[in-house]
Amino acid sequence: MGKQRVLSGVQPTGNYHLGNYLGAIRNWVEGQSQYENFLFVADLHAITVPHDPAKLAENTYTLVALYLACGLDLEYSTIFVQSHIPAHSELTWLFNCITPLNWLERMIQFKEKAVKQGENVNVGLLDYPVLMAADILLYDPDKVPVGEDQKQHLELTRDIAIRLNDQFGTPDKPVLKLPEPLIRKEGARVMSLTDGTRKMSKSDPSELSRINLLDSPEDIQKKIKRCKTDVTKGLWFDDPERPECNNLLTLYMLLSLKTKEAVAAECKDMGWGQFKPLLTETTIEALKPIQQKYQAVMEDKGYVESVMRQGREKAEAIASSTLLKVKTAMGYSMPF
Ligand code: TRP
């Protein structure tokens, strides 16, 4: 039996931060040799909110470079760009025509983003989960690792596959395979440095709220020095009254690669004045190899482009065969 297939992606919206790394990319890297991995840049999703065309290509390119800098290895992983493969858009259309509107209207993320954007809500924002279903189902993955916030979208993906199989397949010959979600546990949910109850986010207007993967040691030091804490003495995990404390200890645990028990024991009597320099040092050291590799990769434009080209070829072959299967099942034929 071959390896199981994993598929996941991140949107190229710039400001890549510790949340993207610890919550997504690092997990892909850790498991990569056990799986056949398809990891992509979701640049079609990136235009569901207002975007700057001058930045789109740059953010896509730098995200591919970061995937490589974080340790994705082409021996195990195919890295590609969503918009390079037309099958994503085409399958989205076919799925659109079997997806009930009310399935999309009740998506939590849509409702939240729609409120934020007021008048400026486009059809693409509503359709975002259908595109995501196409991203996934095109590649027949066994597992889709995502954060908790994407859980509902994965359930929708399965619902769309079930509906398509019901309508156009037979019970013994389903058209699409149902993927299993791989939802990360809360440990990898990195919260804002200025508010421990909110996720670290690239769209937070305050730079102090997040540590970007390419931040200089001076910036990291400044941000940790000024991050929100509390006045309680001693540090411990999982206290709902102390969200910042839990977040900063979790960051330290994830970046130092120590266990939760070890960190709890090490920090239980510490004050912030002792803990903050420790977290600063650990963060700088953890990011250093990524930053060095990133500089090297960015200097070799031809290399990044060849990675995208190779990725496109491998991904396209699989995507077009799934697309053809769906089109055939739905009654399309191209006799010439
Ligand atoms: N929506 C995901 C996010 O913002 C990114 C994404 C797009 C994705 N398509 C996907 C993740 C397919 C997993 C599988 O995090």
# chains A, B, ... in the order shown; residues from 1 in each chain; ligands from 1
$ closest_atom_pairs --of "chain A" --to "ligand 1" --cutoff "9 Å" --atoms "only C-alpha atoms and all ligand atoms" --output "JSON lines"
{"residue": "A:Leu7", "atom": "CA", "partner": "ligand 1", "partner_atom_place_in_ligand_line": "14 (C)", "distance": 6.1}
{"residue": "A:Ser8", "atom": "CA", "partner": "ligand 1", "partner_atom_place_in_ligand_line": "13 (C)", "distance": 3.8}
{"residue": "A:Gly9", "atom": "CA", "partner": "ligand 1", "partner_atom_place_in_ligand_line": "11 (C)", "distance": 4.3}
{"residue": "A:Val10", "atom": "CA", "partner": "ligand 1", "partner_atom_place_in_ligand_line": "5 (C)", "distance": 4.6}
{"residue": "A:Gln11", "atom": "CA", "partner": "ligand 1", "partner_atom_place_in_ligand_line": "5 (C)", "distance": 5.6}
{"residue": "A:Asn20", "atom": "CA", "partner": "ligand 1", "partner_atom_place_in_ligand_line": "15 (O)", "distance": 8.8}
{"residue": "A:Ala24", "atom": "CA", "partner": "ligand 1", "partner_atom_place_in_ligand_line": "15 (O)", "distance": 8.5}
{"residue": "A:Leu39", "atom": "CA", "partner": "ligand 1", "partner_atom_place_in_ligand_line": "14 (C)", "distance": 8.6}
{"residue": "A:Phe40", "atom": "CA", "partner": "ligand 1", "partner_atom_place_in_ligand_line": "10 (C)", "distance": 8.1}
{"residue": "A:Val41", "atom": "CA", "partner": "ligand 1", "partner_atom_place_in_ligand_line": "7 (C)", "distance": 7.9}
{"residue": "A:Ala42", "atom": "CA", "partner": "ligand 1", "partner_atom_place_in_ligand_line": "7 (C)", "distance": 5.2}
{"residue": "A:Asp43", "atom": "CA", "partner": "ligand 1", "partner_atom_place_in_ligand_line": "7 (C)", "distance": 8.5}
{"residue": "A:Leu44", "atom": "CA", "partner": "ligand 1", "partner_atom_place_in_ligand_line": "7 (C)", "distance": 8.5}
{"residue": "A:His45", "atom": "CA", "partner": "ligand 1", "partner_atom_place_in_ligand_line": "7 (C)", "distance": 6.4}
{"residue": "A:Ala46", "atom": "CA", "partner": "ligand 1", "partner_atom_place_in_ligand_line": "4 (O)", "distance": 8.7}
{"residue": "A:Gln82", "atom": "CA", "partner": "ligand 1", "partner_atom_place_in_ligand_line": "9 (N)", "distance": 8.6}
{"residue": "A:Tyr128", "atom": "CA", "partner": "ligand 1", "partner_atom_place_in_ligand_line": "1 (N)", "distance": 7.8}
{"residue": "A:Pro129", "atom": "CA", "partner": "ligand 1", "partner_atom_place_in_ligand_line": "1 (N)", "distance": 7.5}
{"residue": "A:Leu131", "atom": "CA", "partner": "ligand 1", "partner_atom_place_in_ligand_line": "9 (N)", "distance": 7.1}
{"residue": "A:Met132", "atom": "CA", "partner": "ligand 1", "partner_atom_place_in_ligand_line": "9 (N)", "distance": 4.2}
{"residue": "A:Ala133", "atom": "CA", "partner": "ligand 1", "partner_atom_place_in_ligand_line": "12 (C)", "distance": 6.9}
{"residue": "A:Ala134", "atom": "CA", "partner": "ligand 1", "partner_atom_place_in_ligand_line": "12 (C)", "distance": 8.1}
{"residue": "A:Asp135", "atom": "CA", "partner": "ligand 1", "partner_atom_place_in_ligand_line": "12 (C)", "distance": 5.3}
{"residue": "A:Ile136", "atom": "CA", "partner": "ligand 1", "partner_atom_place_in_ligand_line": "12 (C)", "distance": 5.3}
{"residue": "A:Leu137", "atom": "CA", "partner": "ligand 1", "partner_atom_place_in_ligand_line": "12 (C)", "distance": 9.0}
{"residue": "A:Val144", "atom": "CA", "partner": "ligand 1", "partner_atom_place_in_ligand_line": "13 (C)", "distance": 6.1}
{"residue": "A:Pro145", "atom": "CA", "partner": "ligand 1", "partner_atom_place_in_ligand_line": "13 (C)", "distance": 6.7}
{"residue": "A:Val146", "atom": "CA", "partner": "ligand 1", "partner_atom_place_in_ligand_line": "13 (C)", "distance": 5.8}
{"residue": "A:Gly147", "atom": "CA", "partner": "ligand 1", "partner_atom_place_in_ligand_line": "15 (O)", "distance": 6.9}
{"residue": "A:Asp149", "atom": "CA", "partner": "ligand 1", "partner_atom_place_in_ligand_line": "15 (O)", "distance": 7.7}
{"residue": "A:Gln150", "atom": "CA", "partner": "ligand 1", "partner_atom_place_in_ligand_line": "15 (O)", "distance": 6.4}
{"residue": "A:His153", "atom": "CA", "partner": "ligand 1", "partner_atom_place_in_ligand_line": "1 (N)", "distance": 7.9}
{"residue": "A:Leu154", "atom": "CA", "partner": "ligand 1", "partner_atom_place_in_ligand_line": "14 (C)", "distance": 8.0}
$ closest_residue --among "A:Phe168, A:Tyr76, A:Phe95, A:Phe275" --to "Tyr252 (chain A)" --atoms "only C-alpha atoms"
A:Phe275
$ select_by_dssp --residues "region 64-121 of chain A" --states "alpha helix (DSSP H)" --output "ChimeraX atom specification"
/A:64-69,87-96,101-105,108-117
$ select_by_dssp --residues "region 68-269 of chain A" --states "strand (DSSP E or B)" --output "mmCIF file with N, CA, C and O atoms, in the first residue's frame"
data_model
loop_
_atom_site.group_PDB
_atom_site.id
_atom_site.type_symbol
_atom_site.label_atom_id
_atom_site.label_comp_id
_atom_site.auth_asym_id
_atom_site.auth_seq_id
_atom_site.Cartn_x
_atom_site.Cartn_y
_atom_site.Cartn_z
ATOM 1 N N SER A 77 7.029 16.334 -0.723
ATOM 2 C CA SER A 77 5.955 17.317 -0.822
ATOM 3 C C SER A 77 5.911 17.982 -2.191
ATOM 4 O O SER A 77 6.944 18.371 -2.731
ATOM 5 N N THR A 78 4.711 18.108 -2.706
ATOM 6 C CA THR A 78 4.498 18.859 -3.934
ATOM 7 C C THR A 78 3.956 20.223 -3.536
ATOM 8 O O THR A 78 2.952 20.313 -2.837
ATOM 9 N N ILE A 79 4.647 21.265 -3.962
ATOM 10 C CA ILE A 79 4.243 22.637 -3.617
ATOM 11 C C ILE A 79 3.701 23.289 -4.886
ATOM 12 O O ILE A 79 4.376 23.281 -5.915
ATOM 13 N N PHE A 80 2.490 23.813 -4.820
ATOM 14 C CA PHE A 80 1.961 24.431 -6.042
ATOM 15 C C PHE A 80 1.076 25.626 -5.714
ATOM 16 O O PHE A 80 0.743 25.891 -4.552
ATOM 17 N N VAL A 81 0.721 26.345 -6.765
ATOM 18 C CA VAL A 81 -0.093 27.556 -6.629
ATOM 19 C C VAL A 81 -1.475 27.276 -7.216
ATOM 20 O O VAL A 81 -1.601 26.839 -8.360
ATOM 21 N N LYS A 143 -6.147 12.809 4.262
ATOM 22 C CA LYS A 143 -6.224 13.706 5.423
ATOM 23 C C LYS A 143 -6.038 15.153 5.006
ATOM 24 O O LYS A 143 -5.240 15.458 4.126
ATOM 25 N N VAL A 144 -6.779 16.022 5.707
ATOM 26 C CA VAL A 144 -6.654 17.453 5.451
ATOM 27 C C VAL A 144 -6.380 18.154 6.779
ATOM 28 O O VAL A 144 -7.298 18.374 7.576
ATOM 29 N N PRO A 145 -5.121 18.484 7.060
ATOM 30 C CA PRO A 145 -4.814 19.157 8.316
ATOM 31 C C PRO A 145 -5.176 20.642 8.246
ATOM 32 O O PRO A 145 -4.713 21.351 7.354
ATOM 33 N N VAL A 146 -6.016 21.079 9.148
ATOM 34 C CA VAL A 146 -6.395 22.500 9.201
ATOM 35 C C VAL A 146 -6.641 22.905 10.655
ATOM 36 O O VAL A 146 -6.728 22.054 11.534
ATOM 37 N N THR A 170 -22.834 5.728 -8.063
ATOM 38 C CA THR A 170 -23.621 4.606 -7.554
ATOM 39 C C THR A 170 -22.963 4.190 -6.244
ATOM 40 O O THR A 170 -21.774 4.478 -6.047
ATOM 41 N N LYS A 173 -19.826 2.604 -6.681
ATOM 42 C CA LYS A 173 -18.838 3.363 -7.464
ATOM 43 C C LYS A 173 -18.993 4.865 -7.215
ATOM 44 O O LYS A 173 -19.493 5.608 -8.049
ATOM 45 N N GLU A 180 -10.707 12.772 5.401
ATOM 46 C CA GLU A 180 -10.818 12.896 6.860
ATOM 47 C C GLU A 180 -10.166 14.206 7.304
ATOM 48 O O GLU A 180 -9.036 14.486 6.930
ATOM 49 N N PRO A 181 -10.870 14.973 8.134
ATOM 50 C CA PRO A 181 -10.208 16.177 8.664
ATOM 51 C C PRO A 181 -9.156 15.795 9.691
ATOM 52 O O PRO A 181 -9.251 14.740 10.324
ATOM 53 N N LEU A 182 -8.138 16.613 9.816
ATOM 54 C CA LEU A 182 -7.135 16.411 10.852
ATOM 55 C C LEU A 182 -7.067 17.743 11.581
ATOM 56 O O LEU A 182 -6.344 18.651 11.177
ATOM 57 N N ILE A 183 -7.913 17.901 12.594
ATOM 58 C CA ILE A 183 -8.033 19.194 13.252
ATOM 59 C C ILE A 183 -6.986 19.298 14.356
ATOM 60 O O ILE A 183 -6.928 18.438 15.226
ATOM 61 N N MET A 191 -2.312 32.838 19.912
ATOM 62 C CA MET A 191 -3.154 34.009 20.137
ATOM 63 C C MET A 191 -2.340 35.303 20.012
ATOM 64 O O MET A 191 -1.113 35.291 20.036
ATOM 65 N N LYS A 199 -7.208 35.380 18.131
ATOM 66 C CA LYS A 199 -6.171 34.699 17.357
ATOM 67 C C LYS A 199 -5.137 35.667 16.821
ATOM 68 O O LYS A 199 -5.482 36.782 16.432
ATOM 69 N N ASN A 212 6.125 38.191 13.301
ATOM 70 C CA ASN A 212 6.237 37.698 11.930
ATOM 71 C C ASN A 212 7.473 36.818 11.803
ATOM 72 O O ASN A 212 8.467 37.024 12.496
#
$ residues_around --residues "region 99-114 of chain A" --least-positions-apart "5" --cutoff "8 Å" --atoms "only C-alpha atoms" --output "PDB file with N, CA, C and O atoms, in the first residue's frame"
ATOM      1  N   ASN A 120     -19.463  45.592   1.393  1.00  0.00           N
ATOM      2  CA  ASN A 120     -18.487  45.150   0.403  1.00  0.00           C
ATOM      3  C   ASN A 120     -18.388  43.636   0.270  1.00  0.00           C
ATOM      4  O   ASN A 120     -17.314  43.099   0.086  1.00  0.00           O
ATOM      5  N   VAL A 121     -19.495  42.920   0.428  1.00  0.00           N
ATOM      6  CA  VAL A 121     -19.436  41.457   0.382  1.00  0.00           C
ATOM      7  C   VAL A 121     -19.670  40.973  -1.039  1.00  0.00           C
ATOM      8  O   VAL A 121     -20.693  41.263  -1.643  1.00  0.00           O
ATOM      9  N   LEU A 125     -16.904  35.577  -1.584  1.00  0.00           N
ATOM     10  CA  LEU A 125     -16.759  35.348  -0.142  1.00  0.00           C
ATOM     11  C   LEU A 125     -17.741  34.265   0.328  1.00  0.00           C
ATOM     12  O   LEU A 125     -17.405  33.406   1.136  1.00  0.00           O
ATOM     13  N   LEU A 126     -18.940  34.317  -0.241  1.00  0.00           N
ATOM     14  CA  LEU A 126     -19.933  33.291   0.088  1.00  0.00           C
ATOM     15  C   LEU A 126     -19.505  31.925  -0.467  1.00  0.00           C
ATOM     16  O   LEU A 126     -19.680  30.892   0.163  1.00  0.00           O
ATOM     17  N   ASP A 127     -18.896  31.969  -1.644  1.00  0.00           N
ATOM     18  CA  ASP A 127     -18.552  30.740  -2.363  1.00  0.00           C
ATOM     19  C   ASP A 127     -17.217  30.128  -1.925  1.00  0.00           C
ATOM     20  O   ASP A 127     -16.869  29.029  -2.334  1.00  0.00           O
ATOM     21  N   PRO A 129     -16.124  28.447   0.589  1.00  0.00           N
ATOM     22  CA  PRO A 129     -16.019  27.042   1.008  1.00  0.00           C
ATOM     23  C   PRO A 129     -16.211  26.050  -0.148  1.00  0.00           C
ATOM     24  O   PRO A 129     -15.722  24.925  -0.058  1.00  0.00           O
ATOM     25  N   ASP A 149     -10.731  26.620  13.037  1.00  0.00           N
ATOM     26  CA  ASP A 149     -11.625  27.553  12.337  1.00  0.00           C
ATOM     27  C   ASP A 149     -12.062  27.049  10.958  1.00  0.00           C
ATOM     28  O   ASP A 149     -12.997  27.598  10.369  1.00  0.00           O
ATOM     29  N   GLN A 152     -15.689  23.598   9.955  1.00  0.00           N
ATOM     30  CA  GLN A 152     -17.002  23.636   9.304  1.00  0.00           C
ATOM     31  C   GLN A 152     -16.855  23.535   7.779  1.00  0.00           C
ATOM     32  O   GLN A 152     -17.688  22.913   7.110  1.00  0.00           O
ATOM     33  N   HIS A 153     -15.780  24.128   7.252  1.00  0.00           N
ATOM     34  CA  HIS A 153     -15.550  24.042   5.808  1.00  0.00           C
ATOM     35  C   HIS A 153     -15.232  22.613   5.373  1.00  0.00           C
ATOM     36  O   HIS A 153     -15.593  22.194   4.272  1.00  0.00           O
ATOM     37  N   LEU A 156     -18.442  20.724   5.246  1.00  0.00           N
ATOM     38  CA  LEU A 156     -19.143  21.081   4.009  1.00  0.00           C
ATOM     39  C   LEU A 156     -18.534  20.336   2.801  1.00  0.00           C
ATOM     40  O   LEU A 156     -19.262  19.872   1.919  1.00  0.00           O
ATOM     41  N   ILE A 160     -20.621  18.019   0.289  1.00  0.00           N
ATOM     42  CA  ILE A 160     -20.680  18.200  -1.162  1.00  0.00           C
ATOM     43  C   ILE A 160     -20.307  16.889  -1.869  1.00  0.00           C
ATOM     44  O   ILE A 160     -20.961  16.470  -2.823  1.00  0.00           O
TER      45      ILE A 160
END
$ residues_around --residues "Tyr139 (chain A)" --least-positions-apart "2" --cutoff "10 Å" --atoms "only C-alpha atoms" --output "NGL selection string"
:A and (5-7 or 38 or 134-137 or 141-142 or 176-177 or 179 or 315-323)
$ atom_distance --atom1 "CA of Leu178 (chain A)" --atom2 "CA of Tyr21 (chain A)"
27.0 Å
$ closest_residue --among "A:His17, A:Gln4, A:Ile98, A:Asp73" --to "Val29 (chain A)" --atoms "only C-alpha atoms"
A:Asp73
$ closest_atom_pairs --of "region 151-221 of chain A" --to "region 49-66 of chain A" --cutoff "12 Å" --atoms "only C-alpha atoms" --output "Markdown table"
| residue | atom | partner | partner_atom | distance |
| --- | --- | --- | --- | --- |
| A:Ser203 | CA | A:Val49 | CA | 11.3 |
| A:Asn212 | CA | A:Leu66 | CA | 11.7 |
| A:Leu213 | CA | A:Leu66 | CA | 8.9 |
| A:Leu214 | CA | A:Leu66 | CA | 9.6 |
$ write_last_selection --atoms "N, CA, C and O atoms" --output "PDB file, in the first residue's frame"
ATOM      1  N   SER A 203      -4.287  40.308   9.779  1.00  0.00           N
ATOM      2  CA  SER A 203      -5.040  41.530   9.499  1.00  0.00           C
ATOM      3  C   SER A 203      -5.192  42.434  10.730  1.00  0.00           C
ATOM      4  O   SER A 203      -5.803  43.488  10.632  1.00  0.00           O
ATOM      5  N   ASN A 212       6.125  38.191  13.301  1.00  0.00           N
ATOM      6  CA  ASN A 212       6.237  37.698  11.930  1.00  0.00           C
ATOM      7  C   ASN A 212       7.473  36.818  11.803  1.00  0.00           C
ATOM      8  O   ASN A 212       8.467  37.024  12.496  1.00  0.00           O
ATOM      9  N   LEU A 213       7.397  35.868  10.895  1.00  0.00           N
ATOM     10  CA  LEU A 213       8.507  34.919  10.754  1.00  0.00           C
ATOM     11  C   LEU A 213       9.790  35.611  10.326  1.00  0.00           C
ATOM     12  O   LEU A 213      10.875  35.108  10.572  1.00  0.00           O
ATOM     13  N   LEU A 214       9.653  36.763   9.682  1.00  0.00           N
ATOM     14  CA  LEU A 214      10.858  37.450   9.211  1.00  0.00           C
ATOM     15  C   LEU A 214      11.241  38.638  10.092  1.00  0.00           C
ATOM     16  O   LEU A 214      12.082  39.444   9.729  1.00  0.00           O
TER      17      LEU A 214
END
$ atom_distance --atom1 "CA of Glu266 (chain A)" --atom2 "CA of Asp238 (chain A)"
15.7 Å
$ atom_distance --atom1 "CA of Ala329 (chain A)" --atom2 "CA of Arg158 (chain A)"
17.8 Å
$ closest_residue --among "A:Arg189, A:Asp230, A:Gly271, A:Asn15" --to "Asp204 (chain A)" --atoms "only C-alpha atoms"
A:Asn15
$ closest_residue --among "A:Thr283, A:Ser306, A:Thr328, A:Asn246" --to "Ser192 (chain A)" --atoms "only C-alpha atoms"
A:Asn246
$ closest_residue --among "A:Thr229, A:Leu287, A:Leu18, A:Leu324" --to "Val175 (chain A)" --atoms "only C-alpha atoms"
A:Leu324
$ residues_around --residues "Lys276 (chain A)" --least-positions-apart "3" --cutoff "9 Å" --atoms "only C-alpha atoms" --output "PDB file with C-alpha atoms, in the first residue's frame"
ATOM      1  CA  GLN A 221      12.497  41.634  21.617  1.00  0.00           C
ATOM      2  CA  ILE A 224       7.652  40.452  23.634  1.00  0.00           C
ATOM      3  CA  LYS A 225       8.726  43.230  25.986  1.00  0.00           C
ATOM      4  CA  LEU A 248       2.945  32.847  26.115  1.00  0.00           C
ATOM      5  CA  GLY A 271       7.668  36.333  37.140  1.00  0.00           C
ATOM      6  CA  TRP A 272       7.285  38.049  33.767  1.00  0.00           C
ATOM      7  CA  GLY A 273      10.621  39.791  34.197  1.00  0.00           C
ATOM      8  CA  LEU A 279      10.805  33.573  25.505  1.00  0.00           C
ATOM      9  CA  THR A 280      12.592  36.269  23.489  1.00  0.00           C
ATOM     10  CA  GLU A 281      15.788  34.265  23.238  1.00  0.00           C
TER      11      GLU A 281
END
